[in-house]
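Below is the file protein00.cif, which contains mmCIF, C-alpha atoms and all ligand atoms.
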data_final
loop_
_atom_site.label_atom_id
_atom_site.label_comp_id
_atom_site.auth_asym_id
_atom_site.auth_seq_id
_atom_site.Cartn_x
_atom_site.Cartn_y
_atom_site.Cartn_z
CA MET A 1 -8.43 16.60 1.52
CA LYS A 2 -10.03 15.87 -1.81
CA PHE A 3 -8.59 13.54 -4.45
CA ILE A 4 -9.25 14.01 -8.15
CA PRO A 5 -9.62 10.60 -9.84
CA ALA A 6 -6.84 9.71 -12.27
CA VAL A 7 -7.09 7.51 -15.36
CA HIS A 8 -4.13 5.71 -16.96
CA VAL A 9 -4.11 3.66 -20.12
CA LEU A 10 -2.01 0.54 -19.47
CA ASP A 11 -1.31 -2.45 -21.73
CA ALA A 12 -3.42 -4.45 -19.23
CA GLY A 13 -6.45 -2.13 -19.53
CA LEU A 14 -7.82 1.14 -18.23
CA LEU A 15 -6.63 1.92 -14.72
CA THR A 16 -8.74 4.31 -12.66
CA ILE A 17 -7.42 5.51 -9.32
CA GLU A 18 -9.94 7.03 -6.96
CA LEU A 19 -11.23 7.24 -3.41
CA PRO A 20 -13.10 4.09 -2.38
CA GLY A 21 -16.88 4.30 -2.67
CA ASP A 22 -19.45 3.11 -0.13
CA GLY A 23 -19.68 -0.30 -1.75
CA ASP A 24 -15.93 -0.99 -1.99
CA ALA A 25 -15.28 -2.37 1.51
CA LEU A 26 -15.92 -5.98 0.47
CA ASP A 27 -13.66 -5.87 -2.58
CA THR A 28 -10.82 -4.21 -0.68
CA LEU A 29 -11.22 -6.86 2.03
CA ARG A 30 -11.09 -9.68 -0.53
CA LEU A 31 -8.00 -8.16 -2.09
CA ARG A 32 -6.23 -8.07 1.28
CA ARG A 33 -7.21 -11.66 2.03
CA SER A 34 -5.92 -12.89 -1.32
CA VAL A 35 -2.56 -11.13 -0.75
CA LEU A 36 -2.33 -12.44 2.85
CA GLU A 37 -2.93 -15.95 1.54
CA GLU A 38 0.35 -15.71 -0.36
CA GLN A 39 1.98 -15.55 3.11
CA ARG A 40 5.07 -13.70 1.87
CA TRP A 41 4.40 -9.99 2.05
CA PHE A 42 2.65 -9.18 5.34
CA ILE A 43 3.03 -10.20 8.98
CA THR A 44 -0.54 -11.35 9.54
CA GLU A 45 -1.17 -15.01 8.76
CA PRO A 46 -4.46 -15.81 6.99
CA SER A 47 -5.81 -17.56 10.12
CA GLU A 48 -5.12 -14.41 12.15
CA PHE A 49 -6.93 -12.15 9.73
CA VAL A 50 -10.25 -10.81 10.96
CA ASP A 51 -12.18 -10.28 7.76
CA SER A 52 -15.03 -8.34 9.11
CA LEU A 53 -16.88 -6.19 6.63
CA GLU A 54 -17.93 -3.84 9.43
CA LEU A 55 -14.31 -3.39 10.51
CA GLN A 56 -13.20 -2.67 6.94
CA LYS A 57 -16.02 -0.17 6.47
CA SER A 58 -15.01 1.60 9.65
CA LEU A 59 -11.32 1.57 8.64
CA LEU A 60 -12.18 3.21 5.30
CA ALA A 61 -14.46 5.71 7.03
CA ASP A 62 -11.71 6.56 9.57
CA LEU A 63 -9.21 7.20 6.77
CA ASP A 64 -11.77 9.32 4.96
CA ARG A 65 -12.42 11.42 8.08
CA SER A 66 -8.78 11.92 9.00
CA ALA A 67 -7.20 14.97 7.33
CA ASN A 68 -3.74 13.37 7.10
CA SER A 69 -4.88 9.94 5.85
CA LEU A 70 -5.87 8.52 2.50
CA ALA A 71 -7.19 5.33 0.92
CA LEU A 72 -7.16 4.91 -2.86
CA VAL A 73 -8.42 2.03 -4.94
CA GLY A 74 -7.07 1.10 -8.36
CA ARG A 75 -9.66 -0.35 -10.73
CA LEU A 76 -8.55 -2.16 -13.84
CA ASP A 77 -11.42 -2.04 -16.31
CA GLY A 78 -13.71 -1.40 -13.35
CA VAL A 79 -12.45 -4.17 -11.05
CA ILE A 80 -10.49 -3.33 -7.88
CA VAL A 81 -7.01 -4.83 -8.27
CA GLY A 82 -4.93 -2.58 -6.03
CA VAL A 83 -5.12 -0.32 -3.01
CA VAL A 84 -2.83 2.14 -1.29
CA TYR A 85 -3.29 3.44 2.24
CA LEU A 86 -1.67 6.38 3.99
CA GLN A 87 -2.43 6.14 7.67
CA GLY A 88 -1.65 9.55 9.16
CA GLY A 89 -0.34 9.84 12.71
CA ARG A 90 -3.10 10.47 15.23
CA LEU A 91 -1.09 11.89 18.12
CA LYS A 92 -0.12 15.55 17.85
CA ARG A 93 3.60 14.86 17.60
CA MET A 94 3.03 12.37 14.78
CA ARG A 95 0.54 14.19 12.62
CA HIS A 96 3.25 15.20 10.15
CA THR A 97 3.88 11.51 9.34
CA ALA A 98 1.91 8.80 7.55
CA LYS A 99 2.50 5.07 7.21
CA LEU A 100 2.19 3.70 3.70
CA GLU A 101 0.76 0.33 2.74
CA ILE A 102 0.21 -0.83 -0.83
CA LEU A 103 -1.00 -4.04 -2.41
CA VAL A 104 -1.81 -5.23 -5.91
CA HIS A 105 -3.53 -8.53 -6.71
CA ALA A 106 -1.02 -11.23 -7.72
CA ASP A 107 -2.65 -11.64 -11.16
CA HIS A 108 -1.96 -8.01 -12.02
CA ARG A 109 1.54 -7.33 -10.73
CA GLY A 110 4.31 -6.00 -12.91
CA ALA A 111 1.83 -4.08 -15.08
CA GLY A 112 2.50 -0.62 -13.63
CA ILE A 113 -0.47 -0.53 -11.23
CA GLY A 114 1.65 -0.25 -8.06
CA LYS A 115 3.69 2.53 -9.62
CA HIS A 116 0.61 4.60 -10.46
CA LEU A 117 -1.03 4.01 -7.07
CA LEU A 118 2.11 5.08 -5.25
CA ALA A 119 2.61 8.11 -7.51
CA GLU A 120 -0.94 9.34 -6.85
CA ALA A 121 -0.63 8.79 -3.08
CA LEU A 122 2.63 10.77 -3.00
CA ILE A 123 1.18 13.64 -5.05
CA TRP A 124 -1.66 13.82 -2.55
CA ALA A 125 0.77 13.63 0.40
CA LYS A 126 2.91 16.44 -1.04
CA ALA A 127 -0.14 18.66 -1.39
CA ASN A 128 -1.32 17.86 2.14
CA PRO A 129 -0.39 20.76 4.42
CA GLN A 130 0.06 18.49 7.48
CA LEU A 131 2.23 15.75 6.01
CA GLU A 132 6.02 15.98 5.88
CA LYS A 133 7.16 12.38 6.03
CA VAL A 134 5.87 9.07 4.64
CA GLY A 135 7.29 5.91 6.21
CA LEU A 136 6.84 2.20 5.72
CA ALA A 137 8.09 -1.22 6.74
CA VAL A 138 8.88 -3.91 4.17
CA PHE A 139 10.33 -7.41 4.45
CA ALA A 140 13.96 -7.41 3.31
CA HIS A 141 13.18 -10.19 0.77
CA ASN A 142 10.47 -8.14 -0.99
CA ALA A 143 12.67 -7.05 -3.91
CA ARG A 144 9.81 -5.81 -6.07
CA ALA A 145 8.37 -3.54 -3.38
CA ILE A 146 11.82 -2.23 -2.38
CA ALA A 147 12.63 -1.44 -6.04
CA LEU A 148 9.31 0.38 -6.31
CA TYR A 149 9.95 2.44 -3.16
CA GLU A 150 13.53 3.26 -4.11
CA GLY A 151 12.32 4.34 -7.55
CA PHE A 152 10.12 6.89 -5.78
CA GLY A 153 12.94 8.25 -3.66
CA PHE A 154 12.41 6.32 -0.44
CA SER A 155 15.57 5.85 1.65
CA ARG A 156 16.38 3.13 4.13
CA GLU A 157 16.19 4.35 7.71
CA GLY A 158 16.55 1.09 9.55
CA HIS A 159 17.04 -2.65 9.35
CA ARG A 160 15.51 -4.95 11.95
CA PRO A 161 17.23 -8.33 11.74
CA ARG A 162 15.23 -11.50 12.58
CA GLU A 163 12.15 -9.41 13.30
CA TYR A 164 9.72 -12.16 12.27
CA LYS A 165 9.92 -15.89 12.98
CA LEU A 166 8.25 -18.48 10.79
CA ASP A 167 6.82 -21.89 11.76
CA ASP A 168 9.85 -23.63 10.25
CA GLY A 169 12.19 -21.70 12.57
CA THR A 170 13.58 -19.35 9.92
CA TYR A 171 13.48 -15.57 10.30
CA TRP A 172 12.64 -12.60 8.15
CA ASP A 173 14.32 -9.20 8.43
CA ASP A 174 12.36 -5.98 8.22
CA LEU A 175 13.45 -2.78 6.48
CA LEU A 176 12.18 0.64 7.48
CA MET A 177 12.02 3.21 4.70
CA PHE A 178 10.88 6.81 4.44
CA ARG A 179 10.76 9.83 2.22
CA GLU A 180 9.98 13.47 2.85
CA VAL A 181 7.02 14.96 1.03
C1 LIG B 1 4.82 -4.28 -4.37
C2 LIG B 1 3.64 -4.11 -5.32
C3 LIG B 1 2.62 -3.20 -4.68
C4 LIG B 1 4.14 -3.47 -6.62
O1 LIG B 1 3.05 -3.31 -7.48
P1 LIG B 1 3.16 -3.75 -9.03
O2 LIG B 1 1.90 -3.32 -9.68
O3 LIG B 1 3.52 -5.16 -9.11
O4 LIG B 1 4.40 -2.85 -9.46
P2 LIG B 1 4.65 -2.16 -10.89
O5 LIG B 1 4.28 -3.08 -12.00
O6 LIG B 1 4.05 -0.81 -10.89
O7 LIG B 1 6.23 -2.03 -10.85
C5 LIG B 1 6.82 -1.02 -10.10
C6 LIG B 1 8.31 -1.21 -9.99
O8 LIG B 1 8.58 -2.40 -9.25
C7 LIG B 1 9.77 -2.96 -9.74
N1 LIG B 1 9.48 -4.32 -10.19
C8 LIG B 1 8.43 -4.74 -10.93
N2 LIG B 1 8.50 -6.08 -11.09
C9 LIG B 1 9.60 -6.48 -10.41
C10 LIG B 1 10.21 -7.74 -10.15
N3 LIG B 1 9.67 -8.88 -10.62
N4 LIG B 1 11.33 -7.79 -9.38
C11 LIG B 1 11.88 -6.66 -8.88
N5 LIG B 1 11.33 -5.43 -9.10
C12 LIG B 1 10.22 -5.36 -9.85
C13 LIG B 1 10.28 -2.11 -10.82
O9 LIG B 1 11.17 -1.16 -10.25
C14 LIG B 1 9.03 -1.42 -11.30
O10 LIG B 1 9.32 -0.21 -11.88
P3 LIG B 1 9.64 -0.15 -13.49
O11 LIG B 1 8.44 -0.71 -14.17
O12 LIG B 1 9.87 1.30 -13.71
O13 LIG B 1 10.87 -0.99 -13.69
C15 LIG B 1 2.98 -5.48 -5.68
O14 LIG B 1 3.94 -6.28 -6.28
C16 LIG B 1 2.33 -6.18 -4.50
O15 LIG B 1 1.21 -5.92 -4.16
N6 LIG B 1 3.06 -7.13 -3.89
C17 LIG B 1 2.50 -7.90 -2.77
C18 LIG B 1 2.15 -7.03 -1.61
C19 LIG B 1 3.34 -6.23 -1.16
O16 LIG B 1 4.47 -6.69 -1.20
N7 LIG B 1 3.05 -4.99 -0.70
C20 LIG B 1 4.09 -4.15 -0.13
C21 LIG B 1 4.35 -4.59 1.27
S1 LIG B 1 5.52 -3.50 2.06
#
Mind converting the file's structure to structure tokens?
Ligand SMILES: CC(C)(COP(=O)(O)OP(=O)(O)OC[C@H]1O[C@@H](n2cnc3c(N)ncnc32)[C@H](O)[C@@H]1OP(=O)(O)O)[C@@H](O)C(=O)NCCC(=O)NCCS
Amino acid sequence: MKFIPAVHVLDAGLLTIELPGDGDALDTLRLRRSVLEEQRWFITEPSEFVDSLELQKSLLADLDRSANSLALVGRLDGVIVGVVYLQGGRLKRMRHTAKLEILVHADHRGAGIGKHLLAEALIWAKANPQLEKVGLAVFAHNARAIALYEGFGFSREGHRPREYKLDDGTYWDDLLMFREV
């Protein structure tokens, strides 16, 4: 399904939200690596991350080909600072669902970029004839992301205590959230 690019004027600059272009694989990869290096928001540790440009290109191409999936990039004054992915279910019984993932570069958080990316992804999901449910998993300590999701009507559907174990022996809980679209 098509996506019409959206432009928002923010205090931080001009935010354009659009489908990734052919040359955007490297920048989206760099963005993911920089967020993984913070080691607080995603499961994968930086040493476990396979930053292969070919893999990222094929991931973006897969999302582009799949009718119930979407990738959007957010460019602030032309530079990619955020992405949102909706990975639609592949199996027949899961094609009405998509898993959401969103990330904004640490230098640009709190400026409204995440909110606009999520809003555009949800508008697209609502208009998609296949999709009925968007779900996600978020660490229970990720207050900013949880506030963002709740602000967009996501409800909690599950809590997985001690789901992740850190090198120092402490644990992180995982929250599962969803909303109907
Ligand atoms: C979660 C994330 C995508 C939000 O993007 P963002 O651009 O920082 O968010 P926004 O500036 O649009 O703020 C959206 C909402 O988040 C909440 N928020 C913003 N800053 C916050 C803070 N410091 N603490 C708690 N909530 C906060 C508010 O509800 C805000 O809405 P409001 O402006 O109407 O009050 C971004 O912080 C991020 O990439 N974090 C690291 C990666 C990550 O956690 N991804 C999600 C994994 S599940």
* Quick one: distance from atom N2 of ligand LIG 1 (chain B) to CA of Arg144 in chain A in Å, one decimal? -> 5.2 Å
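For the set A:Arg33, A:Asn68, A:Ser58, A:Gly158, the residue with the smallest atom-to-atom gap to Leu91 in chain A is A:Asn68, counting all atoms listed in the file.
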* To do: Rank nothing, just name the residue among A:Leu14, A:His96, A:His105, A:Ser66 nearest to Asp27 in chain A, using all atoms listed in the file.
  =>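 Among the listed residues, A:His105 lies closest to Asp27 in chain A.
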* **Exercise answer, 7 Å around ligand LIG 1 (chain B) with only C-alpha atoms and all ligand atoms, as a VMD selection string** => chain A and resid 35 41 to 42 101 to 106 108 to 116 136 to 139 142 to 145 147 to 148 151
Got time to write the residues from that selection, C-alpha atoms, as an mmCIF file, in the frame of the given file?
data_model
loop_
_atom_site.group_PDB
_atom_site.id
_atom_site.type_symbol
_atom_site.label_atom_id
_atom_site.label_comp_id
_atom_site.auth_asym_id
_atom_site.auth_seq_id
_atom_site.Cartn_x
_atom_site.Cartn_y
_atom_site.Cartn_z
ATOM 1 C CA VAL A 35 -2.560 -11.130 -0.750
ATOM 2 C CA TRP A 41 4.400 -9.990 2.050
ATOM 3 C CA PHE A 42 2.650 -9.180 5.340
ATOM 4 C CA GLU A 101 0.760 0.330 2.740
ATOM 5 C CA ILE A 102 0.210 -0.830 -0.830
ATOM 6 C CA LEU A 103 -1.000 -4.040 -2.410
ATOM 7 C CA VAL A 104 -1.810 -5.230 -5.910
ATOM 8 C CA HIS A 105 -3.530 -8.530 -6.710
ATOM 9 C CA ALA A 106 -1.020 -11.230 -7.720
ATOM 10 C CA HIS A 108 -1.960 -8.010 -12.020
ATOM 11 C CA ARG A 109 1.540 -7.330 -10.730
ATOM 12 C CA GLY A 110 4.310 -6.000 -12.910
ATOM 13 C CA ALA A 111 1.830 -4.080 -15.080
ATOM 14 C CA GLY A 112 2.500 -0.620 -13.630
ATOM 15 C CA ILE A 113 -0.470 -0.530 -11.230
ATOM 16 C CA GLY A 114 1.650 -0.250 -8.060
ATOM 17 C CA LYS A 115 3.690 2.530 -9.620
ATOM 18 C CA HIS A 116 0.610 4.600 -10.460
ATOM 19 C CA LEU A 136 6.840 2.200 5.720
ATOM 20 C CA ALA A 137 8.090 -1.220 6.740
ATOM 21 C CA VAL A 138 8.880 -3.910 4.170
ATOM 22 C CA PHE A 139 10.330 -7.410 4.450
ATOM 23 C CA ASN A 142 10.470 -8.140 -0.990
ATOM 24 C CA ALA A 143 12.670 -7.050 -3.910
ATOM 25 C CA ARG A 144 9.810 -5.810 -6.070
ATOM 26 C CA ALA A 145 8.370 -3.540 -3.380
ATOM 27 C CA ALA A 147 12.630 -1.440 -6.040
ATOM 28 C CA LEU A 148 9.310 0.380 -6.310
ATOM 29 C CA GLY A 151 12.320 4.340 -7.550
#
List as a Markdown table every residue of range 2-111 of chain A that is in contact with range 124-133 of chain A, defined as an atom at most 12 Å from one of its atoms (using only C-alpha atoms), together with the nearest atom pair and the distance in Å rounded to one decimal, sorted by chain and then rising number.
| residue | atom | partner | partner_atom | distance |
| --- | --- | --- | --- | --- |
| A:Lys2 | CA | A:Trp124 | CA | 8.6 |
| A:Phe3 | CA | A:Trp124 | CA | 7.2 |
| A:Ile4 | CA | A:Trp124 | CA | 9.4 |
| A:Pro5 | CA | A:Trp124 | CA | 11.3 |
| A:Ala6 | CA | A:Trp124 | CA | 11.8 |
| A:Glu18 | CA | A:Trp124 | CA | 11.6 |
| A:Leu19 | CA | A:Trp124 | CA | 11.6 |
| A:Ser66 | CA | A:Gln130 | CA | 11.1 |
| A:Ala67 | CA | A:Gln130 | CA | 8.1 |
| A:Asn68 | CA | A:Gln130 | CA | 6.4 |
| A:Ser69 | CA | A:Ala125 | CA | 8.7 |
| A:Leu70 | CA | A:Trp124 | CA | 8.4 |
| A:Ala71 | CA | A:Trp124 | CA | 10.7 |
| A:Leu72 | CA | A:Trp124 | CA | 10.5 |
| A:Val84 | CA | A:Trp124 | CA | 11.8 |
| A:Tyr85 | CA | A:Ala125 | CA | 11.1 |
| A:Leu86 | CA | A:Ala125 | CA | 8.5 |
| A:Gln87 | CA | A:Leu131 | CA | 10.8 |
| A:Gly88 | CA | A:Leu131 | CA | 8.0 |
| A:Gly89 | CA | A:Leu131 | CA | 9.3 |
| A:Arg90 | CA | A:Gln130 | CA | 11.6 |
| A:Lys92 | CA | A:Gln130 | CA | 10.8 |
| A:Arg93 | CA | A:Gln130 | CA | 11.3 |
| A:Met94 | CA | A:Leu131 | CA | 9.4 |
| A:Arg95 | CA | A:Gln130 | CA | 6.7 |
| A:His96 | CA | A:Leu131 | CA | 4.3 |
| A:Thr97 | CA | A:Lys133 | CA | 4.7 |
| A:Ala98 | CA | A:Lys133 | CA | 6.5 |
| A:Lys99 | CA | A:Lys133 | CA | 8.7 |
| A:Leu100 | CA | A:Lys133 | CA | 10.3 |
Give me the residues within 12 Å of range 160-166 of chain A as a PDB file with C-alpha atoms, in the frame of the given file, counting all atoms listed in the file and dropping any in the same chain fewer than 2 places off.
ATOM      1  CA  GLN A  39       1.980 -15.550   3.110  1.00  0.00           C
ATOM      2  CA  ARG A  40       5.070 -13.700   1.870  1.00  0.00           C
ATOM      3  CA  TRP A  41       4.400  -9.990   2.050  1.00  0.00           C
ATOM      4  CA  PHE A  42       2.650  -9.180   5.340  1.00  0.00           C
ATOM      5  CA  ILE A  43       3.030 -10.200   8.980  1.00  0.00           C
ATOM      6  CA  THR A  44      -0.540 -11.350   9.540  1.00  0.00           C
ATOM      7  CA  GLU A  45      -1.170 -15.010   8.760  1.00  0.00           C
ATOM      8  CA  ALA A 137       8.090  -1.220   6.740  1.00  0.00           C
ATOM      9  CA  VAL A 138       8.880  -3.910   4.170  1.00  0.00           C
ATOM     10  CA  PHE A 139      10.330  -7.410   4.450  1.00  0.00           C
ATOM     11  CA  ALA A 140      13.960  -7.410   3.310  1.00  0.00           C
ATOM     12  CA  HIS A 141      13.180 -10.190   0.770  1.00  0.00           C
ATOM     13  CA  ARG A 156      16.380   3.130   4.130  1.00  0.00           C
ATOM     14  CA  GLU A 157      16.190   4.350   7.710  1.00  0.00           C
ATOM     15  CA  GLY A 158      16.550   1.090   9.550  1.00  0.00           C
ATOM     16  CA  ASP A 168       9.850 -23.630  10.250  1.00  0.00           C
ATOM     17  CA  GLY A 169      12.190 -21.700  12.570  1.00  0.00           C
ATOM     18  CA  THR A 170      13.580 -19.350   9.920  1.00  0.00           C
ATOM     19  CA  TYR A 171      13.480 -15.570  10.300  1.00  0.00           C
ATOM     20  CA  TRP A 172      12.640 -12.600   8.150  1.00  0.00           C
ATOM     21  CA  ASP A 173      14.320  -9.200   8.430  1.00  0.00           C
ATOM     22  CA  ASP A 174      12.360  -5.980   8.220  1.00  0.00           C
ATOM     23  CA  LEU A 175      13.450  -2.780   6.480  1.00  0.00           C
ATOM     24  CA  LEU A 176      12.180   0.640   7.480  1.00  0.00           C
ATOM     25  CA  MET A 177      12.020   3.210   4.700  1.00  0.00           C
TER      26      MET A 177
END
Write range 51-67 of chain A as a short mmCIF file (atom, residue, chain, number, x, y, z; two decimals), in the frame of the given file, completed to N, CA and C atoms.
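The result, stored in selection.cif:
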data_model
loop_
_atom_site.label_atom_id
_atom_site.label_comp_id
_atom_site.auth_asym_id
_atom_site.auth_seq_id
_atom_site.Cartn_x
_atom_site.Cartn_y
_atom_site.Cartn_z
N ASP A 51 -11.57 -10.98 8.90
CA ASP A 51 -12.18 -10.28 7.76
C ASP A 51 -13.62 -9.92 8.05
N SER A 52 -13.71 -8.84 8.78
CA SER A 52 -15.03 -8.34 9.11
C SER A 52 -15.33 -7.15 8.21
N LEU A 53 -16.47 -7.26 7.55
CA LEU A 53 -16.88 -6.19 6.63
C LEU A 53 -17.10 -4.90 7.41
N GLU A 54 -17.66 -5.04 8.61
CA GLU A 54 -17.93 -3.84 9.43
C GLU A 54 -16.63 -3.13 9.78
N LEU A 55 -15.61 -3.95 10.13
CA LEU A 55 -14.31 -3.39 10.51
C LEU A 55 -13.69 -2.65 9.32
N GLN A 56 -13.77 -3.27 8.14
CA GLN A 56 -13.20 -2.67 6.94
C GLN A 56 -13.93 -1.37 6.59
N LYS A 57 -15.25 -1.40 6.74
CA LYS A 57 -16.02 -0.17 6.47
C LYS A 57 -15.58 0.92 7.42
N SER A 58 -15.37 0.55 8.70
CA SER A 58 -15.01 1.60 9.65
C SER A 58 -13.57 2.05 9.43
N LEU A 59 -12.69 1.16 8.97
CA LEU A 59 -11.32 1.57 8.64
C LEU A 59 -11.33 2.60 7.50
N LEU A 60 -12.10 2.29 6.45
CA LEU A 60 -12.18 3.21 5.30
C LEU A 60 -12.79 4.54 5.71
N ALA A 61 -13.81 4.47 6.57
CA ALA A 61 -14.46 5.71 7.03
C ALA A 61 -13.50 6.53 7.88
N ASP A 62 -12.70 5.85 8.72
CA ASP A 62 -11.71 6.56 9.57
C ASP A 62 -10.69 7.28 8.70
N LEU A 63 -10.20 6.59 7.66
CA LEU A 63 -9.21 7.20 6.77
C LEU A 63 -9.82 8.40 6.05
N ASP A 64 -11.08 8.26 5.67
CA ASP A 64 -11.77 9.32 4.96
C ASP A 64 -11.93 10.57 5.85
N ARG A 65 -12.19 10.31 7.13
CA ARG A 65 -12.42 11.42 8.08
C ARG A 65 -11.13 12.13 8.49
N SER A 66 -10.02 11.38 8.46
CA SER A 66 -8.78 11.92 9.00
C SER A 66 -8.07 12.78 7.94
N ALA A 67 -7.73 14.01 8.30
CA ALA A 67 -7.20 14.97 7.33
C ALA A 67 -5.83 14.57 6.80
#
